[in-house]
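This report refers to the structure that appears directly beneath it.
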Protein chains: 2
Amino acid sequence: MAVVDLNFDKLGGLVPVVVQDFTSGEVLMTAFMNRQAWEETLRTRRATYWSRSRNRLWVKGETSGNFQEVKEILVDCDEDTVLLKVNQKGGAACHMGYRSCFYRRLEGDELQIIGERIFDPDEVYR
Amino acid sequence: MAVVDLNFDKLGGLVPVVVQDFTSGEVLMTAFMNRQAWEETLRTRRATYWSRSRNRLWVKGETSGNFQEVKEILVDCDEDTVLLKVNQKGGAACHMGYRSCFYRRLEGDELQIIGERIFDPDEVYR
């Protein structure tokens with residue numbers, strides 16, 4: 001039972017979550033939590049989200065082994081968004097094998113890859 | 001007209017936006033953009049969002065003067081989330097007067113203020 005009462009109403013039962021590397025400050029990914037995912041994250045200190053595509057609770061890393069150990073939890077002014085500072089196991093948060101899901105920067109009219117690829121997704125998700 | 005075609009469909013015409021200080025890497029806030037806000041941001045290089053509470057386009061800083069000069073734009077793997085790296089004019093992104101909207105950290109069962117207050121909101125929003 002979570003003590004801090006987040007506002008899950010604005011987004012149909014979800015809150016957006018920003019995930020930042022605890023050491024470098026790099027933004028690794030964003031995701032969503034429902035109340036159950038929030039409570040599981042607090043209880044286990046492993047980042048747990050709500051997968052909108054699979055419509056179920058999703059412990060980040062359950063397939064790849066790249067769990068996120070939660071080091072700090074920050075809440076925004078409106079209490080409708082969460083910022084997790086994590087230790088990203090395996091060094092890569094993105095299912096594409098990059099450290100961060102934000103591995104592309106807009107330069108002119110094009111997205112240029114600026115991120116570092118840590119693993120080959122074809123080797124991990126078989 | 002934006003060249004990079006973001007996926008606005010997953011969230012009813014909106015994409016979440018994470019805003020990070022260009023220099024320090026601190027996460028300042030999150031917001032949402034619709035297609036028009038995205039295109040205005042690209043055109044003006046001033047962060048422009050969609051205000052869900054006011055149901056209109058919102059140039060960040062239009063009331064407080066604390067504009068966000070966009071230095072870098074990153075797009076995530078699914079092309080449904082944006083990361084802006086900005087120069088935050090006035091030094092404070094939060095309407096509560098703090099540098100970041102994430103000025104509170106969960107410690108045990110309580111939210112503890114860890115952020116620095118830059119301005120008094122009663123003085124700015126009159």
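Simple scheme: letters A, B, ... for chains in structure tokens order, numbers from 1 for residues in each chain, numbers from 1 for ligands in the order shown.
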Worksheet item: In segment 2-114 of chain B, what's strand (DSSP E or B) per DSSP? Answer as a PyMOL selection string?
Response: chain B and resi 15-21+27-33+46+48-51+56-59+68-75+82-88+98+104-107+110-113
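Summary of the local environment: counting only C-alpha atoms, residues at most 10 Å from Arg45 of chain B, other than itself and those fewer than 4 positions away along its chain, are B:Glu39, B:Glu40, B:Thr41, B:Gln68, B:Glu69, B:Val70, B:Lys71, B:Glu72, B:Ile73, B:Val86.
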Closest pair table for chain B residues within 8 Å of chain A, only C-alpha atoms, as CSV:
```
residue,atom,partner,partner_atom,distance
B:Val3,CA,A:Asp109,CA,5.8
B:Val4,CA,A:Asp109,CA,6.9
B:Pro16,CA,A:Pro16,CA,8.0
B:Val18,CA,A:Val18,CA,7.4
B:Gly25,CA,A:Gly25,CA,6.0
B:Glu26,CA,A:Gly25,CA,7.0
B:Met29,CA,A:Asp76,CA,7.7
B:Thr30,CA,A:Thr81,CA,7.8
B:Glu72,CA,A:Arg105,CA,7.2
B:Ile73,CA,A:Leu106,CA,5.5
B:Leu74,CA,A:Arg105,CA,4.3
B:Val75,CA,A:Phe102,CA,5.5
B:Asp76,CA,A:Phe102,CA,4.3
B:Cys77,CA,A:Cys101,CA,5.3
B:Thr81,CA,A:Thr30,CA,7.8
B:Leu83,CA,A:Phe102,CA,7.3
B:Cys94,CA,A:Cys77,CA,7.7
B:Met96,CA,A:Cys77,CA,7.4
B:Cys101,CA,A:Asp76,CA,5.0
B:Phe102,CA,A:Asp76,CA,4.3
B:Tyr103,CA,A:Asp76,CA,6.8
B:Arg104,CA,A:Leu74,CA,5.6
B:Arg105,CA,A:Leu74,CA,4.3
B:Leu106,CA,A:Ile73,CA,5.5
B:Asp109,CA,A:Val3,CA,5.8
B:Glu110,CA,A:Val4,CA,6.9
B:Leu111,CA,A:Val4,CA,7.6
```
Since we have the selection now, will you write its residues out, keeping N, CA and C atoms, as a short mmCIF file (atom, residue, chain, number, x, y, z; two decimals), in the first residue's frame?
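Listed below is the output, out36.cif:
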```cif
data_model
loop_
_atom_site.label_atom_id
_atom_site.label_comp_id
_atom_site.auth_asym_id
_atom_site.auth_seq_id
_atom_site.Cartn_x
_atom_site.Cartn_y
_atom_site.Cartn_z
N VAL B 3 9.04 17.13 -40.20
CA VAL B 3 9.51 16.09 -41.09
C VAL B 3 9.51 14.74 -40.37
N VAL B 4 9.99 14.74 -39.13
CA VAL B 4 9.95 13.50 -38.35
C VAL B 4 8.51 13.27 -37.90
N PRO B 16 4.18 12.43 -24.73
CA PRO B 16 4.83 12.96 -23.53
C PRO B 16 6.18 13.58 -23.91
N VAL B 18 9.80 14.97 -22.09
CA VAL B 18 10.67 15.11 -20.92
C VAL B 18 11.59 16.29 -21.19
N GLY B 25 21.83 18.46 -16.91
CA GLY B 25 21.17 17.17 -17.09
C GLY B 25 20.02 16.93 -16.12
N GLU B 26 19.74 17.91 -15.26
CA GLU B 26 18.62 17.76 -14.33
C GLU B 26 17.30 17.68 -15.11
N MET B 29 11.01 18.99 -15.87
CA MET B 29 9.56 18.84 -15.91
C MET B 29 9.19 17.82 -16.99
N THR B 30 7.95 17.46 -17.02
CA THR B 30 7.39 16.75 -18.16
C THR B 30 6.14 17.50 -18.61
N GLU B 72 18.54 20.95 -27.87
CA GLU B 72 18.60 19.64 -28.54
C GLU B 72 17.24 18.98 -28.43
N ILE B 73 16.91 18.20 -29.47
CA ILE B 73 15.67 17.43 -29.49
C ILE B 73 16.02 15.98 -29.76
N LEU B 74 15.65 15.10 -28.82
CA LEU B 74 15.87 13.67 -29.01
C LEU B 74 14.52 12.97 -29.07
N VAL B 75 14.47 11.88 -29.81
CA VAL B 75 13.23 11.14 -30.01
C VAL B 75 13.49 9.69 -29.60
N ASP B 76 12.52 9.07 -28.97
CA ASP B 76 12.76 7.71 -28.46
C ASP B 76 12.57 6.66 -29.55
N CYS B 77 12.89 5.43 -29.19
CA CYS B 77 12.86 4.30 -30.13
C CYS B 77 11.50 4.12 -30.79
N THR B 81 7.72 9.61 -27.87
CA THR B 81 8.13 10.43 -26.73
C THR B 81 9.29 11.31 -27.16
N LEU B 83 12.43 14.07 -25.94
CA LEU B 83 13.29 14.60 -24.88
C LEU B 83 13.87 15.92 -25.37
N CYS B 94 9.49 25.13 -12.65
CA CYS B 94 8.26 24.74 -11.94
C CYS B 94 7.45 25.96 -11.53
N MET B 96 5.82 26.26 -9.08
CA MET B 96 5.93 26.43 -7.63
C MET B 96 7.19 27.20 -7.26
N CYS B 101 10.33 20.61 -11.41
CA CYS B 101 9.05 20.15 -10.84
C CYS B 101 9.27 18.96 -9.90
N PHE B 102 10.37 18.25 -10.09
CA PHE B 102 10.68 17.09 -9.24
C PHE B 102 11.52 17.55 -8.07
N TYR B 103 10.93 18.37 -7.21
CA TYR B 103 11.68 18.95 -6.09
C TYR B 103 11.48 18.16 -4.80
N ARG B 104 10.76 17.05 -4.89
CA ARG B 104 10.52 16.24 -3.70
C ARG B 104 10.93 14.79 -3.93
N ARG B 105 11.60 14.24 -2.95
CA ARG B 105 12.06 12.86 -3.01
C ARG B 105 11.31 12.05 -1.97
N LEU B 106 10.98 10.83 -2.36
CA LEU B 106 10.31 9.92 -1.43
C LEU B 106 11.35 9.36 -0.47
N ASP B 109 8.12 7.00 4.04
CA ASP B 109 6.73 7.19 3.61
C ASP B 109 6.41 8.63 3.25
N GLU B 110 7.43 9.49 3.24
CA GLU B 110 7.14 10.91 3.08
C GLU B 110 7.90 11.54 1.94
N LEU B 111 7.31 12.59 1.38
CA LEU B 111 7.99 13.38 0.37
C LEU B 111 8.78 14.50 1.06
#
```
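Residue nearest Pro121 of chain B within the list B:Leu57, B:Ser64, B:Tyr49, B:Asn87: B:Ser64 [criterion: smallest interatomic distance, only C-alpha atoms].
Across the model, the gap from atom CA of Phe8 of chain A to atom CA of Lys89 of chain A is 28.3 Å.
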